[in-house]
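Colleague: As input, take input.tsv (TSV, C-alpha atoms):
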chain	number	residue	atom	x	y	z
A	1	MET	CA	66.07	51.79	40.87
A	2	GLU	CA	64.71	54.56	43.12
A	3	PHE	CA	64.90	57.00	40.19
A	4	ALA	CA	63.26	54.66	37.67
A	5	TRP	CA	60.37	57.13	37.30
A	6	LEU	CA	62.73	59.52	35.50
A	7	ASP	CA	62.59	57.22	32.47
A	8	ALA	CA	58.88	56.41	32.69
A	9	PRO	CA	56.69	57.60	29.80
A	10	ALA	CA	54.46	60.62	30.35
A	11	GLY	CA	51.43	58.35	30.11
A	12	ASP	CA	52.53	56.76	33.40
A	13	VAL	CA	52.33	60.07	35.29
A	14	ALA	CA	49.69	58.76	37.72
A	15	GLU	CA	51.93	55.90	38.78
A	16	THR	CA	54.88	58.29	39.03
A	17	ALA	CA	52.84	60.48	41.36
A	18	ARG	CA	52.12	57.50	43.62
A	19	THR	CA	55.81	56.60	43.60
A	20	LEU	CA	56.85	60.04	44.85
A	21	LEU	CA	54.87	59.78	48.09
A	22	GLY	CA	57.27	59.37	50.97
A	23	TRP	CA	60.18	60.97	49.12
A	24	ARG	CA	62.07	63.72	50.92
A	25	LEU	CA	62.34	67.25	49.52
A	26	THR	CA	65.01	69.50	51.04
A	27	ALA	CA	65.66	73.20	50.45
A	28	HIS	CA	67.23	76.01	52.46
A	29	SER	CA	67.79	73.89	55.60
A	30	VAL	CA	64.26	72.42	55.81
A	31	SER	CA	63.21	68.92	54.75
A	32	VAL	CA	59.70	67.59	54.19
A	33	ARG	CA	58.40	64.11	53.48
A	34	LEU	CA	55.91	64.28	50.60
A	35	THR	CA	52.45	63.18	51.73
A	36	GLU	CA	50.15	64.48	48.96
A	37	VAL	CA	50.63	64.91	45.20
A	38	GLU	CA	48.58	65.33	42.02
A	39	ALA	CA	49.32	64.02	38.55
A	40	TYR	CA	48.89	66.05	35.35
A	41	SER	CA	49.38	64.70	31.85
A	42	GLY	CA	50.35	66.82	28.86
A	43	LEU	CA	49.31	64.46	26.09
A	44	GLY	CA	46.31	66.46	24.90
A	45	LEU	CA	44.07	64.24	27.02
A	46	ASP	CA	44.13	66.26	30.26
A	47	PRO	CA	42.42	69.66	29.96
A	48	ALA	CA	43.44	70.51	33.54
A	49	SER	CA	47.12	70.49	32.56
A	50	HIS	CA	49.06	73.65	31.71
A	51	ALA	CA	50.58	71.70	28.81
A	52	HIS	CA	47.27	70.56	27.34
A	53	ARG	CA	47.46	72.94	24.36
A	54	GLY	CA	51.19	72.67	23.69
A	55	VAL	CA	54.39	74.52	24.48
A	56	THR	CA	54.27	78.08	25.86
A	57	GLY	CA	56.85	80.30	27.49
A	58	ARG	CA	55.52	79.34	30.91
A	59	ASN	CA	55.17	75.58	30.53
A	60	ARG	CA	58.21	74.79	28.35
A	61	VAL	CA	60.07	72.96	31.14
A	62	MET	CA	57.16	70.52	31.43
A	63	PHE	CA	58.37	68.96	28.16
A	64	GLY	CA	61.53	67.64	29.80
A	65	PRO	CA	63.93	66.54	30.87
A	66	ALA	CA	62.47	64.81	33.92
A	67	GLY	CA	63.52	65.83	37.42
A	68	ILE	CA	63.17	69.58	36.80
A	69	LEU	CA	61.04	71.96	38.87
A	70	TYR	CA	58.07	73.63	37.16
A	71	VAL	CA	57.06	76.57	39.36
A	72	TYR	CA	54.10	78.83	38.75
A	73	GLN	CA	52.31	81.57	40.67
A	74	ILE	CA	48.68	81.65	41.80
A	75	TYR	CA	46.58	84.59	43.00
A	76	GLY	CA	49.52	86.86	42.22
A	77	MET	CA	51.43	85.97	45.38
A	78	HIS	CA	51.72	82.21	46.08
A	79	PHE	CA	53.91	79.68	44.30
A	80	CYS	CA	53.31	76.02	43.52
A	81	ALA	CA	55.91	73.42	42.60
A	82	ASN	CA	55.72	70.49	40.20
A	83	VAL	CA	58.18	67.73	39.44
A	84	VAL	CA	58.56	67.32	35.68
A	85	CYS	CA	58.35	63.66	34.68
A	86	GLY	CA	58.03	61.66	31.50
A	87	ARG	CA	60.44	61.32	28.63
A	88	GLU	CA	61.83	64.44	27.00
A	89	GLY	CA	59.32	65.97	24.60
A	90	GLU	CA	56.34	64.36	26.40
A	91	ALA	CA	54.94	66.83	28.91
A	92	ALA	CA	53.80	65.64	32.32
A	93	ALA	CA	54.22	66.88	35.88
A	94	VAL	CA	53.37	65.99	39.46
A	95	LEU	CA	52.11	68.82	41.66
A	96	LEU	CA	53.56	68.70	45.19
A	97	ARG	CA	50.49	69.37	47.30
A	98	ALA	CA	51.64	68.73	50.88
A	99	GLY	CA	54.34	67.34	53.10
A	100	ALA	CA	55.31	66.65	56.68
A	101	VAL	CA	58.32	68.55	58.00
A	102	VAL	CA	61.00	66.09	59.15
A	103	ASP	CA	63.99	68.39	59.62
A	104	GLY	CA	64.50	72.10	60.28
A	105	PHE	CA	61.40	72.58	62.43
A	106	GLU	CA	62.45	75.88	64.02
A	107	LEU	CA	63.17	77.50	60.66
A	108	ALA	CA	59.95	76.06	59.20
A	109	ARG	CA	57.94	77.55	62.07
A	110	ARG	CA	59.51	80.96	61.51
A	111	ARG	CA	58.60	80.82	57.82
A	112	ARG	CA	55.03	79.76	58.60
A	113	PRO	CA	54.15	81.52	61.88
A	114	ALA	CA	50.42	81.20	61.15
A	115	ALA	CA	50.57	77.39	61.01
A	116	LYS	CA	48.11	75.60	63.29
A	117	GLY	CA	50.62	73.10	64.60
A	118	ASP	CA	53.51	71.28	62.95
A	119	HIS	CA	51.14	69.16	60.84
A	120	ASP	CA	49.97	72.38	59.13
A	121	LEU	CA	53.41	73.76	58.26
A	122	ALA	CA	53.45	72.35	54.70
A	123	ARG	CA	49.78	71.36	54.41
A	124	GLY	CA	49.04	72.70	50.94
A	125	PRO	CA	51.08	73.54	47.82
A	126	ALA	CA	51.72	77.20	48.70
A	127	LYS	CA	52.55	76.39	52.33
A	128	LEU	CA	54.99	73.73	51.14
A	129	MET	CA	56.86	76.31	49.08
A	130	GLN	CA	56.89	78.84	51.92
A	131	VAL	CA	58.31	76.34	54.40
A	132	LEU	CA	61.08	75.41	51.97
A	133	GLY	CA	61.84	79.04	51.14
A	134	LEU	CA	61.28	78.48	47.43
A	135	GLY	CA	59.84	80.84	44.82
A	136	LYS	CA	60.01	81.62	41.13
A	137	GLU	CA	63.82	81.47	41.17
A	138	ALA	CA	63.52	77.68	41.44
A	139	TYR	CA	61.78	77.43	38.05
A	140	GLY	CA	63.68	75.14	35.68
A	141	THR	CA	66.20	73.95	38.28
A	142	SER	CA	67.09	70.33	38.88
A	143	LEU	CA	65.73	68.41	41.86
A	144	ILE	CA	68.06	65.47	41.47
A	145	ASP	CA	71.63	66.50	40.64
A	146	GLY	CA	72.34	68.96	43.45
A	147	THR	CA	72.67	72.03	41.22
A	148	GLY	CA	69.35	73.61	42.23
A	149	PRO	CA	68.09	75.05	45.52
A	150	ALA	CA	66.03	71.91	46.26
A	151	LEU	CA	66.94	68.24	46.34
A	152	LEU	CA	64.57	65.28	46.03
A	153	THR	CA	65.76	62.04	47.62
A	154	PRO	CA	64.23	58.54	47.91
A	155	PRO	CA	62.22	57.54	50.99
A	156	GLN	CA	64.01	56.16	54.01
A	157	ASP	CA	61.10	53.94	55.03
A	158	GLY	CA	58.97	51.37	53.22
A	159	PRO	CA	56.23	52.47	50.79
A	160	PRO	CA	53.29	54.19	52.53
A	161	ARG	CA	49.64	53.18	52.24
A	162	VAL	CA	48.28	55.33	49.41
A	163	VAL	CA	44.76	56.68	48.87
A	164	ALA	CA	43.51	58.17	45.59
A	165	GLY	CA	40.75	60.68	44.88
A	166	PRO	CA	39.68	63.61	42.68
A	167	ARG	CA	41.97	66.57	42.10
A	168	VAL	CA	41.55	69.90	43.88
A	169	GLY	CA	41.09	73.42	42.52
A	170	VAL	CA	40.59	72.66	38.82
A	171	THR	CA	37.50	73.29	36.74
A	172	SER	CA	38.32	70.78	34.00
A	173	ALA	CA	38.74	67.04	34.57
A	174	HIS	CA	38.31	67.61	38.29
A	175	ASP	CA	36.80	64.16	38.81
A	176	VAL	CA	39.92	62.38	37.55
A	177	PRO	CA	41.24	60.44	40.60
A	178	TRP	CA	44.81	61.60	40.16
A	179	ARG	CA	45.32	63.08	43.62
A	180	PHE	CA	47.26	60.69	45.82
A	181	TRP	CA	48.02	60.96	49.51
A	182	VAL	CA	49.42	59.00	52.43
A	183	ALA	CA	46.54	57.42	54.33
A	184	ASP	CA	45.72	58.99	57.71
A	185	ASP	CA	48.59	61.49	57.58
A	186	PRO	CA	47.60	64.77	59.33
A	187	SER	CA	49.70	66.88	56.95
A	188	VAL	CA	47.44	66.04	53.99
A	189	SER	CA	45.34	69.03	52.93
A	190	SER	CA	41.57	69.12	53.24
A	191	TYR	CA	39.59	68.20	50.14
A	192	ARG	CA	37.34	70.89	48.68
A	193	ARG	CA	34.78	69.60	46.23
A	194	HIS	CA	34.74	71.34	42.85
A	195	VAL	CA	31.99	73.96	42.49
A	196	ALA	CA	30.91	74.81	38.94
A	197	ARG	CA	31.52	78.41	37.88
A	198	ALA	CA	29.56	80.61	35.54
A	199	ARG	CA	29.52	79.42	31.94
A	200	ASN	CA	31.97	82.08	30.73
A	201	ALA	CA	34.55	81.46	33.47
A	202	GLN	CA	38.02	80.42	32.40
A	203	ASN	CA	39.62	77.20	33.55
A	204	ALA	CA	42.41	77.49	36.08
A	205	PRO	CA	44.50	74.32	35.67
A	206	ASN	CA	47.15	73.33	38.14
A	207	ALA	CA	50.01	71.88	36.16
Go ahead and express the file in the form of structure tokens.
Modeller:
Amino acid sequence: MEFAWLDAPAGDVAETARTLLGWRLTAHSVSVRLTEVEAYSGLGLDPASHAHRGVTGRNRVMFGPAGILYVYQIYGMHFCANVVCGREGEAAAVLLRAGAVVDGFELARRRRPAAKGDHDLARGPAKLMQVLGLGKEAYGTSLIDGTGPALLTPPQDGPPRVVAGPRVGVTSAHDVPWRFWVADDPSVSSYRRHVARARNAQNAPNA
């Protein structure tokens, strides 16, 4: 039953995002417990989603199957990871925003020497990828069958207390409360309120 979200419809992406909090993500000898995520629908109702306008070469894996990594680059140098969810043909994804390192601390510290303490090692989507040693090569790989560089496994503890709020870093639908995080966890990233850009600025959706 732990993997029931793999069969959930894309319209349930917000609930899927909640469900993934506390799960463990392991890659290249480091493991993190997911503490912050964001949900993105691809049903034509979420303008912040990369899949809002249909299939492209970049977003094609968002249309299934579930359990695949959708990786994209920001600012020309950092990578972000999303778990594809929803039934095949119905695009949806959950952005992995932050986590707490639970195994492989020494290696994680070497990968993130600028971290301000262990709570900051994976405190943000790009930091999470750096700590796990993941990049564009992980695009389209499975998180659940052991064939990819990363493996997502169910939580070892009971469900955490979850808080919801607006998404971060998007110019469209930024007030949608589809960011979820573990209450009072120091590894959760700081919220930055959306600031409107000039009228001709382009949207920069997350997933």
Colleague: Please identify all polymer residues within 10 Å of Arg161 of chain A, counting only C-alpha atoms, omitting same-chain residues fewer than 3 positions from it, and present them as a count of residues only.
Modeller: 9
Colleague: To one decimal in Å, tell me the separation between atom CA of Gln156 of chain A and atom CA of Lys136 of chain A.
Modeller: 28.8 Å
Colleague: Could I get the residues of segment 96-199 of chain A with an atom no further than 10 Å from an atom of segment 27-37 of chain A, each paired with its nearest atom pair and that distance in Å to one decimal, using all atoms listed in the file, sorted by chain and residue number, as JSON lines?
Modeller:
{"residue": "A:Leu96", "atom": "CA", "partner": "A:Val37", "partner_atom": "CA", "distance": 4.8}
{"residue": "A:Arg97", "atom": "CA", "partner": "A:Val37", "partner_atom": "CA", "distance": 4.9}
{"residue": "A:Ala98", "atom": "CA", "partner": "A:Glu36", "partner_atom": "CA", "distance": 4.9}
{"residue": "A:Gly99", "atom": "CA", "partner": "A:Leu34", "partner_atom": "CA", "distance": 4.3}
{"residue": "A:Ala100", "atom": "CA", "partner": "A:Arg33", "partner_atom": "CA", "distance": 5.1}
{"residue": "A:Val101", "atom": "CA", "partner": "A:Val32", "partner_atom": "CA", "distance": 4.2}
{"residue": "A:Val102", "atom": "CA", "partner": "A:Val32", "partner_atom": "CA", "distance": 5.3}
{"residue": "A:Asp103", "atom": "CA", "partner": "A:Ser31", "partner_atom": "CA", "distance": 5.0}
{"residue": "A:Gly104", "atom": "CA", "partner": "A:Val30", "partner_atom": "CA", "distance": 4.5}
{"residue": "A:Phe105", "atom": "CA", "partner": "A:Val30", "partner_atom": "CA", "distance": 7.2}
{"residue": "A:Glu106", "atom": "CA", "partner": "A:Val30", "partner_atom": "CA", "distance": 9.1}
{"residue": "A:Leu107", "atom": "CA", "partner": "A:Val30", "partner_atom": "CA", "distance": 7.1}
{"residue": "A:Ala108", "atom": "CA", "partner": "A:Val30", "partner_atom": "CA", "distance": 6.6}
{"residue": "A:Leu121", "atom": "CA", "partner": "A:Val32", "partner_atom": "CA", "distance": 9.7}
{"residue": "A:Ala122", "atom": "CA", "partner": "A:Val32", "partner_atom": "CA", "distance": 7.9}
{"residue": "A:Arg123", "atom": "CA", "partner": "A:Glu36", "partner_atom": "CA", "distance": 8.8}
{"residue": "A:Gly124", "atom": "CA", "partner": "A:Glu36", "partner_atom": "CA", "distance": 8.5}
{"residue": "A:Pro125", "atom": "CA", "partner": "A:Val37", "partner_atom": "CA", "distance": 9.0}
{"residue": "A:Leu128", "atom": "CA", "partner": "A:Val32", "partner_atom": "CA", "distance": 8.3}
{"residue": "A:Met129", "atom": "CA", "partner": "A:Ala27", "partner_atom": "CA", "distance": 9.4}
{"residue": "A:Val131", "atom": "CA", "partner": "A:Val30", "partner_atom": "CA", "distance": 7.3}
{"residue": "A:Leu132", "atom": "CA", "partner": "A:Ala27", "partner_atom": "CA", "distance": 5.3}
{"residue": "A:Gly133", "atom": "CA", "partner": "A:His28", "partner_atom": "CA", "distance": 6.3}
{"residue": "A:Leu134", "atom": "CA", "partner": "A:Ala27", "partner_atom": "CA", "distance": 7.5}
{"residue": "A:Leu143", "atom": "CA", "partner": "A:Ala27", "partner_atom": "CA", "distance": 9.8}
{"residue": "A:Gly148", "atom": "CA", "partner": "A:Ala27", "partner_atom": "CA", "distance": 9.0}
{"residue": "A:Pro149", "atom": "CA", "partner": "A:Ala27", "partner_atom": "CA", "distance": 5.8}
{"residue": "A:Ala150", "atom": "CA", "partner": "A:Ala27", "partner_atom": "CA", "distance": 4.4}
{"residue": "A:Leu151", "atom": "CA", "partner": "A:Ala27", "partner_atom": "CA", "distance": 6.6}
{"residue": "A:Leu152", "atom": "CA", "partner": "A:Ala27", "partner_atom": "CA", "distance": 9.1}
{"residue": "A:Thr153", "atom": "CA", "partner": "A:Arg33", "partner_atom": "CA", "distance": 9.6}
{"residue": "A:Pro154", "atom": "CA", "partner": "A:Arg33", "partner_atom": "CA", "distance": 9.8}
{"residue": "A:Pro155", "atom": "CA", "partner": "A:Arg33", "partner_atom": "CA", "distance": 8.0}
{"residue": "A:Gln156", "atom": "CA", "partner": "A:Arg33", "partner_atom": "CA", "distance": 9.7}
{"residue": "A:Pro160", "atom": "CA", "partner": "A:Thr35", "partner_atom": "CA", "distance": 9.1}
{"residue": "A:Val162", "atom": "CA", "partner": "A:Thr35", "partner_atom": "CA", "distance": 9.2}
{"residue": "A:Val163", "atom": "CA", "partner": "A:Glu36", "partner_atom": "CA", "distance": 9.5}
{"residue": "A:Ala164", "atom": "CA", "partner": "A:Glu36", "partner_atom": "CA", "distance": 9.8}
{"residue": "A:Arg167", "atom": "CA", "partner": "A:Val37", "partner_atom": "CA", "distance": 9.3}
{"residue": "A:Trp178", "atom": "CA", "partner": "A:Val37", "partner_atom": "CA", "distance": 8.4}
{"residue": "A:Arg179", "atom": "CA", "partner": "A:Val37", "partner_atom": "CA", "distance": 5.8}
{"residue": "A:Phe180", "atom": "CA", "partner": "A:Val37", "partner_atom": "CA", "distance": 5.4}
{"residue": "A:Trp181", "atom": "CA", "partner": "A:Glu36", "partner_atom": "CA", "distance": 4.2}
{"residue": "A:Val182", "atom": "CA", "partner": "A:Thr35", "partner_atom": "CA", "distance": 5.2}
{"residue": "A:Ala183", "atom": "CA", "partner": "A:Thr35", "partner_atom": "CA", "distance": 8.7}
{"residue": "A:Asp184", "atom": "CA", "partner": "A:Thr35", "partner_atom": "CA", "distance": 9.9}
{"residue": "A:Asp185", "atom": "CA", "partner": "A:Thr35", "partner_atom": "CA", "distance": 7.2}
{"residue": "A:Pro186", "atom": "CA", "partner": "A:Thr35", "partner_atom": "CA", "distance": 9.2}
{"residue": "A:Ser187", "atom": "CA", "partner": "A:Thr35", "partner_atom": "CA", "distance": 7.0}
{"residue": "A:Val188", "atom": "CA", "partner": "A:Glu36", "partner_atom": "CA", "distance": 5.9}
{"residue": "A:Ser189", "atom": "CA", "partner": "A:Glu36", "partner_atom": "CA", "distance": 7.7}
Colleague: Quick one: distance from atom CA of Gly64 of chain A to atom CA of Thr147 of chain A in Å, one decimal?
Modeller: 16.5 Å
Colleague: In Å, with one decimal, what is the gap from atom CA of Leu43 of chain A to atom CA of Gly140 of chain A?
Modeller: 20.3 Å
Colleague: Using only C-alpha atoms for the distances, tell me which of A:Ser49, A:Pro65, A:Thr56, A:Gly86 is nearest to Ala10 of chain A.
Modeller: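 Among the listed residues, the smallest separation from Ala10 of chain A belongs to A:Gly86.
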Colleague: Have a look at A:Arg87, A:Arg192, A:Gly117, A:His52 and name the one nearest to Pro166 of chain A; count only C-alpha atoms.
Modeller: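 Checking each candidate against Pro166 of chain A, we get A:Arg192 as the closest.
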Colleague: Just checking: using only C-alpha atoms, which residue out of A:Ala126, A:Ala51, A:Leu25, A:Leu45 ends up closest to Ile74 of chain A?
Modeller: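 Looking at the shortest contact to Ile74 of chain A, the residue is A:Ala126.
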Colleague: Pick out the closest residue to Met77 of chain A from this set: A:Gly135, A:Gly89, A:Pro47, A:Pro113. Count only C-alpha atoms.
Modeller: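 That would be A:Gly135, the residue with the smallest distance to Met77 of chain A.
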Colleague: Around (63.2, 62.1, 37.2) in the file's own coordinates, what residues are found within 8 Å if you use only C-alpha atoms, given back as an NGL selection string?
Modeller: :A and (3-7 or 65-68 or 83-86 or 144)
Colleague: Given all atoms listed in the file as the basis, pick out the residue of A:Ser172, A:Gln130, A:Ser41, A:Ser142 nearest to Leu69 of chain A.
Modeller: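 Residue with the minimum atom-to-atom distance to Leu69 of chain A: A:Ser142.
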Colleague: What are the centre and edge lengths in Å, to one decimal, of the axis-aligned box around all listed atoms of segment 118-123 of chain A with 5 Å added on each side, as JSON?
Modeller:
{"center_x": 51.6, "center_y": 71.5, "center_z": 58.7, "size_x": 13.7, "size_y": 14.6, "size_z": 18.5}
